[in-house]
$ cat protein25.pdb   # PDB, C-alpha atoms and all ligand atoms
ATOM      1  CA  ALA A   1    -131.424-117.213 -54.691
ATOM      2  CA  GLU A   2    -128.569-114.873 -55.521
ATOM      3  CA  GLU A   3    -128.707-113.409 -52.039
ATOM      4  CA  LYS A   4    -128.403-116.888 -50.548
ATOM      5  CA  GLN A   5    -125.294-117.495 -52.631
ATOM      6  CA  VAL A   6    -123.774-114.299 -51.225
ATOM      7  CA  LEU A   7    -124.588-115.347 -47.655
ATOM      8  CA  LYS A   8    -123.081-118.786 -48.214
ATOM      9  CA  GLU A   9    -119.933-117.332 -49.756
ATOM     10  CA  LYS A  10    -119.431-115.044 -46.748
ATOM     11  CA  ILE A  11    -119.989-117.963 -44.367
ATOM     12  CA  ARG A  12    -117.444-120.130 -46.205
ATOM     13  CA  ARG A  13    -114.850-117.347 -46.072
ATOM     14  CA  LEU A  14    -115.411-116.563 -42.390
ATOM     15  CA  LEU A  15    -115.321-120.225 -41.335
ATOM     16  CA  LYS A  16    -111.839-120.385 -42.856
ATOM     17  CA  GLU A  17    -110.687-117.049 -41.490
ATOM     18  CA  LYS A  18    -111.814-117.828 -37.954
ATOM     19  CA  GLN A  19    -110.669-121.458 -38.073
ATOM     20  CA  ALA A  20    -114.216-122.439 -37.218
ATOM     21  CA  VAL A  21    -116.065-125.596 -38.104
ATOM     22  CA  LEU A  22    -119.791-126.132 -38.559
ATOM     23  CA  VAL A  23    -121.404-129.045 -36.701
ATOM     24  CA  ALA A  24    -125.007-129.546 -37.824
ATOM     25  CA  HIS A  25    -127.916-131.847 -37.039
ATOM     26  CA  TYR A  26    -130.056-133.581 -39.683
ATOM     27  CA  TYR A  27    -133.126-131.555 -38.659
ATOM     28  CA  VAL A  28    -131.734-128.119 -39.603
ATOM     29  CA  ASP A  29    -132.273-126.508 -43.021
ATOM     30  CA  ALA A  30    -130.856-128.472 -45.945
ATOM     31  CA  GLU A  31    -128.603-125.585 -46.953
ATOM     32  CA  LEU A  32    -126.956-125.548 -43.522
ATOM     33  CA  GLN A  33    -126.431-129.306 -43.681
ATOM     34  CA  ASP A  34    -124.818-128.986 -47.109
ATOM     35  CA  LEU A  35    -122.618-126.096 -45.984
ATOM     36  CA  ALA A  36    -121.428-128.105 -42.983
ATOM     37  CA  GLU A  37    -120.384-131.008 -45.172
ATOM     38  CA  GLU A  38    -118.752-129.045 -47.948
ATOM     39  CA  THR A  39    -116.682-126.951 -45.515
ATOM     40  CA  GLY A  40    -115.245-129.941 -43.636
ATOM     41  CA  GLY A  41    -117.706-129.898 -40.767
ATOM     42  CA  CYS A  42    -120.272-132.586 -40.168
ATOM     43  CA  VAL A  43    -123.958-133.304 -40.248
ATOM     44  CA  SER A  44    -125.013-136.191 -38.027
ATOM     45  CA  ASP A  45    -126.967-137.463 -35.040
ATOM     46  CA  SER A  46    -126.380-136.271 -31.452
ATOM     47  CA  LEU A  47    -123.755-138.886 -30.627
ATOM     48  CA  GLU A  48    -121.639-138.162 -33.711
ATOM     49  CA  MET A  49    -121.989-134.404 -33.250
ATOM     50  CA  ALA A  50    -120.537-134.769 -29.753
ATOM     51  CA  ARG A  51    -117.672-136.950 -30.943
ATOM     52  CA  PHE A  52    -116.882-134.844 -33.994
ATOM     53  CA  GLY A  53    -116.778-131.613 -31.986
ATOM     54  CA  ARG A  54    -114.587-133.145 -29.300
ATOM     55  CA  ASP A  55    -112.079-134.566 -31.789
ATOM     56  CA  HIS A  56    -111.829-131.634 -34.199
ATOM     57  CA  ALA A  57    -108.794-129.342 -33.942
ATOM     58  CA  ALA A  58    -110.759-126.146 -34.679
ATOM     59  CA  LYS A  59    -110.713-123.386 -32.040
ATOM     60  CA  THR A  60    -114.340-122.537 -32.653
ATOM     61  CA  LEU A  61    -117.324-124.821 -33.200
ATOM     62  CA  ILE A  62    -120.549-123.448 -34.613
ATOM     63  CA  VAL A  63    -123.301-125.800 -33.526
ATOM     64  CA  ALA A  64    -126.360-125.672 -35.780
ATOM     65  CA  GLY A  65    -128.881-127.559 -33.723
ATOM     66  CA  VAL A  66    -130.423-127.017 -30.311
ATOM     67  CA  ARG A  67    -129.017-125.839 -27.012
ATOM     68  CA  PHE A  68    -128.213-129.175 -25.391
ATOM     69  CA  MET A  69    -125.973-129.984 -28.378
ATOM     70  CA  GLY A  70    -124.032-126.752 -27.858
ATOM     71  CA  GLU A  71    -123.744-127.439 -24.126
ATOM     72  CA  THR A  72    -122.466-130.964 -24.685
ATOM     73  CA  ALA A  73    -119.848-129.597 -27.107
ATOM     74  CA  LYS A  74    -118.737-127.044 -24.498
ATOM     75  CA  ILE A  75    -118.591-129.612 -21.692
ATOM     76  CA  LEU A  76    -116.422-131.904 -23.819
ATOM     77  CA  SER A  77    -114.178-129.073 -25.058
ATOM     78  CA  PRO A  78    -114.094-126.267 -22.476
ATOM     79  CA  GLU A  79    -111.083-124.724 -24.248
ATOM     80  CA  LYS A  80    -113.060-124.236 -27.473
ATOM     81  CA  THR A  81    -115.404-121.393 -28.274
ATOM     82  CA  ILE A  82    -118.875-122.782 -28.991
ATOM     83  CA  LEU A  83    -121.258-120.501 -30.878
ATOM     84  CA  MET A  84    -124.861-121.108 -31.886
ATOM     85  CA  PRO A  85    -126.957-119.234 -34.473
ATOM     86  CA  ASP A  86    -129.753-118.804 -31.882
ATOM     87  CA  LEU A  87    -129.289-119.420 -28.160
ATOM     88  CA  ASP A  88    -133.053-119.717 -27.690
ATOM     89  CA  ALA A  89    -133.175-122.899 -29.758
ATOM     90  CA  THR A  90    -134.152-125.384 -27.070
ATOM     91  CA  CYS A  91    -136.020-128.705 -26.917
ATOM     92  CA  SER A  92    -139.311-129.700 -25.283
ATOM     93  CA  LEU A  93    -137.572-132.555 -23.465
ATOM     94  CA  ASP A  94    -135.040-130.166 -21.941
ATOM     95  CA  LEU A  95    -137.800-127.648 -21.055
ATOM     96  CA  GLY A  96    -139.892-130.392 -19.452
ATOM     97  CA  CYS A  97    -137.141-131.548 -17.101
ATOM     98  CA  ASP A  98    -136.404-128.842 -14.556
ATOM     99  CA  ALA A  99    -133.093-129.503 -12.774
ATOM    100  CA  THR A 100    -134.429-128.878  -9.241
ATOM    101  CA  GLU A 101    -137.438-131.166  -9.709
ATOM    102  CA  PHE A 102    -135.203-133.743 -11.293
ATOM    103  CA  ALA A 103    -132.797-133.631  -8.339
ATOM    104  CA  ALA A 104    -135.745-134.236  -5.982
ATOM    105  CA  PHE A 105    -136.818-137.228  -8.122
ATOM    106  CA  CYS A 106    -133.282-138.658  -7.877
ATOM    107  CA  ASP A 107    -133.137-137.995  -4.123
ATOM    108  CA  ALA A 108    -136.360-139.945  -3.675
ATOM    109  CA  HIS A 109    -134.840-143.013  -5.413
ATOM    110  CA  PRO A 110    -131.236-143.282  -4.267
ATOM    111  CA  ASP A 111    -131.085-147.006  -5.101
ATOM    112  CA  ARG A 112    -131.406-146.372  -8.847
ATOM    113  CA  THR A 113    -128.745-145.712 -11.471
ATOM    114  CA  VAL A 114    -129.582-142.389 -13.101
ATOM    115  CA  VAL A 115    -129.623-142.482 -16.914
ATOM    116  CA  VAL A 116    -130.512-139.327 -18.820
ATOM    117  CA  TYR A 117    -131.081-138.662 -22.480
ATOM    118  CA  ALA A 118    -128.745-136.205 -24.210
ATOM    119  CA  ASN A 119    -131.728-133.857 -24.671
ATOM    120  CA  THR A 120    -131.363-132.299 -21.194
ATOM    121  CA  SER A 121    -129.647-129.321 -19.593
ATOM    122  CA  ALA A 122    -126.100-129.487 -18.246
ATOM    123  CA  ALA A 123    -127.549-129.203 -14.715
ATOM    124  CA  VAL A 124    -129.632-132.366 -15.226
ATOM    125  CA  LYS A 125    -126.622-134.203 -16.664
ATOM    126  CA  ALA A 126    -124.609-133.131 -13.608
ATOM    127  CA  ARG A 127    -126.930-135.302 -11.530
ATOM    128  CA  ALA A 128    -126.738-138.370 -13.816
ATOM    129  CA  ASP A 129    -124.575-141.483 -13.763
ATOM    130  CA  TRP A 130    -124.933-142.005 -17.521
ATOM    131  CA  MET A 131    -125.925-139.919 -20.492
ATOM    132  CA  VAL A 132    -127.193-141.732 -23.577
ATOM    133  CA  THR A 133    -128.342-140.748 -27.055
ATOM    134  CA  SER A 134    -131.004-142.518 -29.107
ATOM    135  CA  SER A 135    -128.344-144.471 -30.991
ATOM    136  CA  ILE A 136    -126.849-146.144 -27.933
ATOM    137  CA  GLY A 137    -129.435-145.916 -25.124
ATOM    138  CA  LEU A 138    -130.684-149.453 -25.661
ATOM    139  CA  ASP A 139    -127.194-150.985 -25.484
ATOM    140  CA  ILE A 140    -126.255-149.032 -22.374
ATOM    141  CA  VAL A 141    -129.430-149.893 -20.481
ATOM    142  CA  ALA A 142    -129.078-153.563 -21.506
ATOM    143  CA  HIS A 143    -125.536-153.458 -20.107
ATOM    144  CA  LEU A 144    -126.717-151.915 -16.801
ATOM    145  CA  HIS A 145    -129.640-154.352 -16.565
ATOM    146  CA  ALA A 146    -127.242-157.280 -17.014
ATOM    147  CA  GLN A 147    -125.355-155.963 -13.965
ATOM    148  CA  GLY A 148    -128.601-156.067 -11.980
ATOM    149  CA  LYS A 149    -128.998-152.278 -11.844
ATOM    150  CA  LYS A 150    -132.376-150.601 -11.387
ATOM    151  CA  ILE A 151    -132.762-147.468 -13.470
ATOM    152  CA  LEU A 152    -134.161-143.992 -13.084
ATOM    153  CA  TRP A 153    -134.714-142.660 -16.602
ATOM    154  CA  ALA A 154    -135.378-139.112 -17.832
ATOM    155  CA  PRO A 155    -136.868-137.324 -19.581
ATOM    156  CA  ASP A 156    -138.452-138.984 -22.668
ATOM    157  CA  LYS A 157    -141.209-141.407 -21.669
ATOM    158  CA  HIS A 158    -141.515-142.922 -25.150
ATOM    159  CA  LEU A 159    -137.816-143.643 -25.586
ATOM    160  CA  GLY A 160    -137.667-144.885 -21.977
ATOM    161  CA  GLY A 161    -140.726-147.110 -22.481
ATOM    162  CA  TYR A 162    -139.275-148.554 -25.681
ATOM    163  CA  ILE A 163    -135.936-149.354 -23.999
ATOM    164  CA  GLN A 164    -137.745-150.860 -21.015
ATOM    165  CA  LYS A 165    -139.768-153.150 -23.287
ATOM    166  CA  GLN A 166    -136.728-154.229 -25.299
ATOM    167  CA  THR A 167    -134.408-154.875 -22.361
ATOM    168  CA  GLY A 168    -136.819-155.900 -19.586
ATOM    169  CA  ALA A 169    -134.909-153.544 -17.264
ATOM    170  CA  ASP A 170    -136.556-152.121 -14.141
ATOM    171  CA  MET A 171    -136.982-148.469 -15.186
ATOM    172  CA  LEU A 172    -138.702-145.629 -13.407
ATOM    173  CA  LEU A 173    -139.634-143.078 -16.071
ATOM    174  CA  TRP A 174    -139.830-139.292 -16.035
ATOM    175  CA  GLN A 175    -142.867-138.291 -18.109
ATOM    176  CA  GLY A 176    -141.405-135.986 -20.759
ATOM    177  CA  SER A 177    -141.943-136.046 -24.510
ATOM    178  CA  CYS A 178    -140.766-134.455 -27.728
ATOM    179  CA  LEU A 179    -143.458-132.215 -29.154
ATOM    180  CA  VAL A 180    -142.577-133.247 -32.714
ATOM    181  CA  HIS A 181    -142.485-137.033 -32.339
ATOM    182  CA  ASP A 182    -145.378-137.130 -29.874
ATOM    183  CA  GLU A 183    -147.637-136.064 -32.773
ATOM    184  CA  PHE A 184    -147.145-139.202 -34.860
ATOM    185  CA  LYS A 185    -150.277-141.356 -34.750
ATOM    186  CA  GLY A 186    -150.547-145.159 -34.705
ATOM    187  CA  ILE A 187    -154.002-145.581 -36.261
ATOM    188  CA  GLU A 188    -153.316-143.199 -39.139
ATOM    189  CA  LEU A 189    -149.982-144.919 -39.723
ATOM    190  CA  ASP A 190    -151.764-148.234 -39.928
ATOM    191  CA  VAL A 191    -154.040-146.799 -42.644
ATOM    192  CA  LEU A 192    -151.113-145.319 -44.581
ATOM    193  CA  LYS A 193    -149.265-148.645 -44.426
ATOM    194  CA  ALA A 194    -152.277-150.388 -45.952
ATOM    195  CA  GLU A 195    -152.125-147.892 -48.846
ATOM    196  CA  HIS A 196    -148.393-148.584 -49.289
ATOM    197  CA  PRO A 197    -148.064-152.299 -48.578
ATOM    198  CA  HIS A 198    -144.448-152.511 -49.775
ATOM    199  CA  ALA A 199    -143.172-149.522 -47.811
ATOM    200  CA  LYS A 200    -140.769-150.067 -44.916
ATOM    201  CA  VAL A 201    -141.426-148.003 -41.798
ATOM    202  CA  LEU A 202    -138.545-146.069 -40.181
ATOM    203  CA  VAL A 203    -139.244-144.690 -36.704
ATOM    204  CA  HIS A 204    -137.319-142.524 -34.244
ATOM    205  CA  PRO A 205    -137.840-143.927 -30.725
ATOM    206  CA  GLU A 206    -139.131-140.601 -29.366
ATOM    207  CA  SER A 207    -142.393-141.579 -31.110
ATOM    208  CA  PRO A 208    -145.349-143.095 -29.198
ATOM    209  CA  ALA A 209    -145.433-146.872 -28.615
ATOM    210  CA  ALA A 210    -148.280-147.394 -31.136
ATOM    211  CA  VAL A 211    -146.002-145.963 -33.856
ATOM    212  CA  VAL A 212    -142.824-147.745 -32.732
ATOM    213  CA  ALA A 213    -144.778-151.041 -32.737
ATOM    214  CA  GLN A 214    -145.262-150.726 -36.523
ATOM    215  CA  ALA A 215    -141.620-149.990 -37.323
ATOM    216  CA  ASP A 216    -139.327-152.076 -39.487
ATOM    217  CA  VAL A 217    -136.396-150.118 -38.067
ATOM    218  CA  VAL A 218    -136.239-148.056 -34.854
ATOM    219  CA  GLY A 219    -133.171-145.865 -34.470
ATOM    220  CA  SER A 220    -131.375-142.556 -34.211
ATOM    221  CA  THR A 221    -131.391-140.173 -37.161
ATOM    222  CA  SER A 222    -128.099-141.635 -38.485
ATOM    223  CA  GLN A 223    -129.362-145.172 -38.051
ATOM    224  CA  LEU A 224    -132.577-144.365 -39.942
ATOM    225  CA  ILE A 225    -130.628-142.844 -42.841
ATOM    226  CA  HIS A 226    -128.441-145.927 -42.950
ATOM    227  CA  ALA A 227    -131.560-148.117 -43.036
ATOM    228  CA  ALA A 228    -133.019-146.096 -45.918
ATOM    229  CA  GLN A 229    -129.794-146.656 -47.824
ATOM    230  CA  THR A 230    -129.347-150.353 -47.134
ATOM    231  CA  LEU A 231    -132.858-151.862 -46.865
ATOM    232  CA  ASP A 232    -134.121-153.531 -49.967
ATOM    233  CA  ALA A 233    -137.235-151.384 -50.545
ATOM    234  CA  GLN A 234    -138.236-148.568 -52.871
ATOM    235  CA  GLU A 235    -140.654-146.829 -50.533
ATOM    236  CA  PHE A 236    -140.353-145.729 -46.897
ATOM    237  CA  ILE A 237    -142.660-144.172 -44.341
ATOM    238  CA  VAL A 238    -140.603-142.016 -41.987
ATOM    239  CA  ALA A 239    -141.665-141.089 -38.439
ATOM    240  CA  THR A 240    -139.238-138.348 -37.491
ATOM    241  CA  ASP A 241    -138.563-134.657 -38.246
ATOM    242  CA  ASN A 242    -138.893-134.016 -41.984
ATOM    243  CA  GLY A 243    -135.495-132.285 -42.017
ATOM    244  CA  ILE A 244    -134.052-135.791 -42.324
ATOM    245  CA  LEU A 245    -135.532-136.296 -45.806
ATOM    246  CA  HIS A 246    -132.808-134.169 -47.403
ATOM    247  CA  LYS A 247    -130.071-136.580 -46.364
ATOM    248  CA  MET A 248    -132.221-139.666 -46.931
ATOM    249  CA  GLN A 249    -132.880-138.643 -50.504
ATOM    250  CA  MET A 250    -129.169-138.010 -51.079
ATOM    251  CA  ALA A 251    -128.190-141.310 -49.467
ATOM    252  CA  ALA A 252    -130.817-143.309 -51.373
ATOM    253  CA  PRO A 253    -131.514-141.601 -54.692
ATOM    254  CA  GLY A 254    -134.540-142.947 -56.533
ATOM    255  CA  LYS A 255    -136.238-144.207 -53.398
ATOM    256  CA  ARG A 256    -139.466-142.602 -52.202
ATOM    257  CA  PHE A 257    -139.973-141.198 -48.700
ATOM    258  CA  ILE A 258    -143.300-140.335 -47.100
ATOM    259  CA  VAL A 259    -143.555-138.554 -43.744
ATOM    260  CA  ALA A 260    -145.677-140.516 -41.262
ATOM    261  CA  PRO A 261    -149.078-139.048 -40.379
ATOM    262  CA  THR A 262    -149.508-136.588 -37.505
ATOM    263  CA  ALA A 263    -152.622-135.356 -35.724
ATOM    264  CA  GLY A 264    -152.807-132.150 -37.717
ATOM    265  CA  ASN A 265    -151.470-130.981 -41.048
ATOM    266  CA  SER A 266    -148.954-128.214 -41.544
ATOM    267  CA  ALA A 267    -151.726-125.594 -41.605
ATOM    268  CA  THR A 268    -153.083-126.504 -38.185
ATOM    269  CA  CYS A 269    -150.049-127.835 -36.396
ATOM    270  CA  LYS A 270    -146.909-125.733 -36.316
ATOM    271  CA  SER A 271    -144.595-128.376 -34.923
ATOM    272  CA  CYS A 272    -145.931-131.296 -36.965
ATOM    273  CA  ALA A 273    -142.951-133.242 -38.248
ATOM    274  CA  HIS A 274    -140.625-130.280 -37.907
ATOM    275  CA  CYS A 275    -138.925-129.035 -34.783
ATOM    276  CA  PRO A 276    -139.573-125.305 -34.281
ATOM    277  CA  TRP A 277    -136.268-124.923 -32.426
ATOM    278  CA  MET A 278    -134.160-126.638 -35.073
ATOM    279  CA  ALA A 279    -135.866-124.280 -37.534
ATOM    280  CA  MET A 280    -134.386-121.267 -35.699
ATOM    281  CA  ASN A 281    -131.030-121.981 -37.359
ATOM    282  CA  GLY A 282    -130.600-120.138 -40.658
ATOM    283  CA  LEU A 283    -128.004-118.668 -42.998
ATOM    284  CA  ARG A 284    -128.495-115.129 -41.655
ATOM    285  CA  ASN A 285    -128.023-115.822 -37.955
ATOM    286  CA  LEU A 286    -125.190-118.209 -38.757
ATOM    287  CA  LEU A 287    -123.396-115.448 -40.650
ATOM    288  CA  ALA A 288    -124.133-112.980 -37.837
ATOM    289  CA  VAL A 289    -122.439-115.134 -35.175
ATOM    290  CA  LEU A 290    -119.424-115.634 -37.429
ATOM    291  CA  GLU A 291    -119.142-111.886 -37.952
ATOM    292  CA  GLN A 292    -119.748-110.869 -34.357
ATOM    293  CA  GLY A 293    -118.605-113.881 -32.325
ATOM    294  CA  ASN A 294    -121.769-113.516 -30.246
ATOM    295  CA  ASN A 295    -124.120-116.224 -28.951
ATOM    296  CA  GLU A 296    -121.390-118.066 -27.144
ATOM    297  CA  ILE A 297    -122.440-121.103 -25.106
ATOM    298  CA  GLN A 298    -121.243-121.025 -21.514
ATOM    299  CA  VAL A 299    -121.674-123.799 -18.998
ATOM    300  CA  GLU A 300    -120.988-122.994 -15.375
ATOM    301  CA  PRO A 301    -117.614-124.746 -14.719
ATOM    302  CA  ALA A 302    -118.641-126.704 -11.602
ATOM    303  CA  THR A 303    -121.746-127.998 -13.403
ATOM    304  CA  ALA A 304    -119.701-128.853 -16.503
ATOM    305  CA  GLU A 305    -117.153-130.751 -14.400
ATOM    306  CA  LYS A 306    -119.903-132.988 -12.997
ATOM    307  CA  ALA A 307    -121.858-133.337 -16.266
ATOM    308  CA  LYS A 308    -118.685-134.413 -18.052
ATOM    309  CA  LEU A 309    -118.571-137.717 -16.163
ATOM    310  CA  CYS A 310    -121.841-139.123 -17.514
ATOM    311  CA  ILE A 311    -120.998-138.042 -21.078
ATOM    312  CA  HIS A 312    -117.542-139.614 -20.883
ATOM    313  CA  ARG A 313    -119.068-142.866 -19.640
ATOM    314  CA  MET A 314    -121.204-143.015 -22.769
ATOM    315  CA  LEU A 315    -118.346-142.123 -25.095
ATOM    316  CA  ASP A 316    -116.059-144.719 -23.488
ATOM    317  CA  PHE A 317    -118.812-147.323 -23.807
ATOM    318  CA  ALA A 318    -119.308-146.394 -27.473
ATOM    319  CA  ALA A 319    -115.589-146.535 -28.291
TER     320      ALA A 319
HETATM  321  P1  LIG B   1    -130.608-138.133 -32.744
HETATM  322  O1  LIG B   1    -129.545-138.315 -31.745
HETATM  323  O2  LIG B   1    -131.242-139.415 -33.178
HETATM  324  O3  LIG B   1    -130.120-137.347 -33.918
HETATM  325  O4  LIG B   1    -131.826-137.343 -32.083
HETATM  326  C1  LIG B   1    -131.757-136.038 -31.631
HETATM  327  C2  LIG B   1    -133.084-135.424 -31.483
HETATM  328  O5  LIG B   1    -133.260-134.356 -30.964
HETATM  329  C3  LIG B   1    -134.212-136.174 -31.988
HETATM  330  O6  LIG B   1    -135.373-135.457 -31.859
HETATM  331 FE1  LIG B   2    -136.145-131.795 -28.916
HETATM  332 FE2  LIG B   2    -137.965-133.009 -30.346
HETATM  333 FE3  LIG B   2    -136.779-130.844 -31.309
HETATM  334 FE4  LIG B   2    -135.418-133.182 -31.084
HETATM  335  S1  LIG B   2    -137.156-132.756 -32.413
HETATM  336  S2  LIG B   2    -134.701-131.142 -30.501
HETATM  337  S3  LIG B   2    -136.329-133.991 -29.226
HETATM  338  S4  LIG B   2    -138.125-130.939 -29.518
END

$ encode --input "protein25.pdb" --output "C-alpha cells"
Amino acid sequence: AEEKQVLKEKIRRLLKEKQAVLVAHYYVDAELQDLAEETGGCVSDSLEMARFGRDHAAKTLIVAGVRFMGETAKILSPEKTILMPDLDATCSLDLGCDATEFAAFCDAHPDRTVVVYANTSAAVKARADWMVTSSIGLDIVAHLHAQGKKILWAPDKHLGGYIQKQTGADMLLWQGSCLVHDEFKGIELDVLKAEHPHAKVLVHPESPAAVVAQADVVGSTSQLIHAAQTLDAQEFIVATDNGILHKMQMAAPGKRFIVAPTAGNSATCKSCAHCPWMAMNGLRNLLAVLEQGNNEIQVEPATAEKAKLCIHRMLDFAA
C-alpha cells in the first residue's frame, strides 16, 4: 500500500511538471480513475473522453483506456502529444474489423451511409461517413433513417441489432462483438432477476439481444451510472465491465450492485465481466510513460485527416 502511495505521488508531480492531463475510462483500475479525477483530468465514457481531450488546454494527454480512444484523441488534437500506458491495449471490436476487408464491404454497398462505432481503428473511421459512440448511436441512426438513408454498420452486431430494432432503420451489419459483453447470458439473467425481484437491470448495448431485452435501462457507461444514481431502486443488476462498479458505488452510496451472470466464472473465463485490455493500464506503466514520454500514439496524417470528418459529424450532432 505504501508503495502505491509513492507511485501515485510521483504521478501527481509529473502530471503537473509536464502539463499533462489524465483521461480515463470507467473500465480501468479504480485507482487510475480516482487519480484522473483528483488531478483535474476526467473519467468518463468514450464520447466524453473525446470531448474532454479535445477541449483541454494541456499539451499532453495520457489516455488510460484502449487504443481507439488514444487514436481518437490524436485525430481531434494532432498538435497534442497523446501517450498511453500500454500501446497493446486494444479491443476485440477493433481487432475483428480489418480495414481492408471493411473497405471491400463498403465498396460492395455504395448506396449505404457508412456508420462505424468508436471502437475501430483510424483506418476504418477514414472510410466512414459517421462515427458514433454507444451514448449517441441510436439518436444518430434515427436521424439518418428519418432522412431515408440506408445504413452500413460496423463492427458490433449486438449494438447494431439493438439500434436497428429501436429505429426500424435498414441496417446491414458487420458481425463483430465485444468479448466481454458477449459473455452475458439471457437465461441466467432471467434466473438472477427472479432471485432479486426488486432489482433494476442496467445493460450496455454491446450485450446480446436476450440480455438487452431484460434491461430497465440500456446505455453507455455514463448513462448507466446516471441511471444507478437517479432510479428509485436499492438493488441493480449490471451487465457491463465490472470496472464500472467503482463509480456506481460512489455515485449511489448505499445501493447494491450485482454483476450480471456470464457463461463462466472468474476462474474459468479470463475476460468475464472485465476487459483484459483495459486491465493493461496500471500505476507502474502510467508512471513509466510520464517519466520517459514513450508510448506515443501516432496516426498517419492522411488517415487522420479523413477519419476526422466522421468524428466531427458526431461531435457537431451532439453539440
Ligand atoms: P462507452 O462509450 O459506453 O464508455 O463504451 C466504451 C466501451 O468500450 C464499452 O465496452
Ligand atoms: Fe472493446 Fe469490449 Fe474491451 Fe470495450 S470492453 S474496450 S468493447 S473489448

$ closest_atom_pairs --input "protein25.pdb" --of "chain A" --to "ligand LIG 1 (chain B)" --cutoff "7 Å" --atoms "all atoms listed in the file" --output "Markdown table"
| residue | atom | partner | partner_atom | distance |
| --- | --- | --- | --- | --- |
| A:His25 | CA | B:LIG1 | O3 | 6.7 |
| A:Tyr26 | CA | B:LIG1 | O3 | 6.9 |
| A:Ser44 | CA | B:LIG1 | O3 | 6.7 |
| A:Asp45 | CA | B:LIG1 | O3 | 3.3 |
| A:Ser46 | CA | B:LIG1 | O1 | 3.8 |
| A:Leu47 | CA | B:LIG1 | O1 | 5.9 |
| A:Asn119 | CA | B:LIG1 | O5 | 6.5 |
| A:Thr133 | CA | B:LIG1 | O1 | 5.4 |
| A:Ser134 | CA | B:LIG1 | O2 | 5.1 |
| A:Ser135 | CA | B:LIG1 | O2 | 6.2 |
| A:Cys178 | CA | B:LIG1 | O6 | 6.9 |
| A:His204 | CA | B:LIG1 | O2 | 6.9 |
| A:Glu206 | CA | B:LIG1 | O6 | 6.8 |
| A:Gly219 | CA | B:LIG1 | O2 | 6.9 |
| A:Ser220 | CA | B:LIG1 | O2 | 3.3 |
| A:Thr221 | CA | B:LIG1 | O2 | 4.1 |
| A:Ser222 | CA | B:LIG1 | O2 | 6.6 |

$ resolve_selection --input "protein25.pdb" --expression "the PyMOL selection byres (((not hetatm)) within 7 of (chain B and resi 2))" --output "number ranges by chain"
A: 66, 90-93, 119, 178-181, 241, 274-278

$ write_last_selection --input "protein25.pdb" --atoms "C-alpha atoms" --output "mmCIF file, in the coordinates of the input"
data_model
loop_
_atom_site.group_PDB
_atom_site.id
_atom_site.type_symbol
_atom_site.label_atom_id
_atom_site.label_comp_id
_atom_site.auth_asym_id
_atom_site.auth_seq_id
_atom_site.Cartn_x
_atom_site.Cartn_y
_atom_site.Cartn_z
ATOM 1 C CA VAL A 66 -130.423 -127.017 -30.311
ATOM 2 C CA THR A 90 -134.152 -125.384 -27.070
ATOM 3 C CA CYS A 91 -136.020 -128.705 -26.917
ATOM 4 C CA SER A 92 -139.311 -129.700 -25.283
ATOM 5 C CA LEU A 93 -137.572 -132.555 -23.465
ATOM 6 C CA ASN A 119 -131.728 -133.857 -24.671
ATOM 7 C CA CYS A 178 -140.766 -134.455 -27.728
ATOM 8 C CA LEU A 179 -143.458 -132.215 -29.154
ATOM 9 C CA VAL A 180 -142.577 -133.247 -32.714
ATOM 10 C CA HIS A 181 -142.485 -137.033 -32.339
ATOM 11 C CA ASP A 241 -138.563 -134.657 -38.246
ATOM 12 C CA HIS A 274 -140.625 -130.280 -37.907
ATOM 13 C CA CYS A 275 -138.925 -129.035 -34.783
ATOM 14 C CA PRO A 276 -139.573 -125.305 -34.281
ATOM 15 C CA TRP A 277 -136.268 -124.923 -32.426
ATOM 16 C CA MET A 278 -134.160 -126.638 -35.073
#

$ resolve_selection --input "protein25.pdb" --expression "the PyMOL selection byres (((chain A and resi 301-308) around 9) and not hetatm)" --output "list in words"
Glu71, Thr72, Lys74, Ile75, Leu76, Pro78, Ala122, Ala123, Val124, Lys125, Ala126, Arg127, Ala128, Asp129, Met131, Gln298, Val299, Glu300, Leu309, Cys310, Ile311, His312 and Arg313 of chain A

$ resolve_selection --input "protein25.pdb" --expression "the PyMOL selection byres (((chain A and resi 256-262) around 7) and not hetatm)" --output "PyMOL selection string"
chain A and resi 183-185+188-189+234-239+242+254-255+263-265+272

$ atom_distance --input "protein25.pdb" --atom1 "CA of Leu202 (chain A)" --atom2 "CA of Ala228 (chain A)"
8.0 Å

$ closest_residue --input "protein25.pdb" --among "A:Met314, A:Cys106, A:Leu283, A:Val141" --to "Lys8 (chain A)" --atoms "all atoms listed in the file"
A:Leu283

$ atom_distance --input "protein25.pdb" --atom1 "CA of Arg54 (chain A)" --atom2 "CA of Phe68 (chain A)"
14.7 Å

$ axis_aligned_box --input "protein25.pdb" --around "region 243-247 of chain A" --padding-each-side "8 Å" --output "AutoDock Vina command-line options"
--center_x -132.8 --center_y -134.4 --center_z -44.7 --size_x 21.5 --size_y 20.3 --size_z 21.4

$ closest_residue --input "protein25.pdb" --among "A:Pro85, A:Gly70, A:Gly40, A:Gly65" --to "Asn285 (chain A)" --atoms "all atoms listed in the file"
A:Pro85

$ residues_around --input "protein25.pdb" --residues "Lys149 (chain A)" --least-positions-apart "6" --cutoff "9 Å" --atoms "only C-alpha atoms" --output "ChimeraX atom specification"
/A:111-113,141,169-170

$ write_last_selection --input "protein25.pdb" --atoms "C-alpha atoms" --output "short mmCIF file (atom, residue, chain, number, x, y, z; two decimals), in the coordinates of the input"
data_model
loop_
_atom_site.label_atom_id
_atom_site.label_comp_id
_atom_site.auth_asym_id
_atom_site.auth_seq_id
_atom_site.Cartn_x
_atom_site.Cartn_y
_atom_site.Cartn_z
CA ASP A 111 -131.08 -147.01 -5.10
CA ARG A 112 -131.41 -146.37 -8.85
CA THR A 113 -128.74 -145.71 -11.47
CA VAL A 141 -129.43 -149.89 -20.48
CA ALA A 169 -134.91 -153.54 -17.26
CA ASP A 170 -136.56 -152.12 -14.14
#

$ atom_distance --input "protein25.pdb" --atom1 "CA of Ala215 (chain A)" --atom2 "CA of Gln229 (chain A)"
16.2 Å
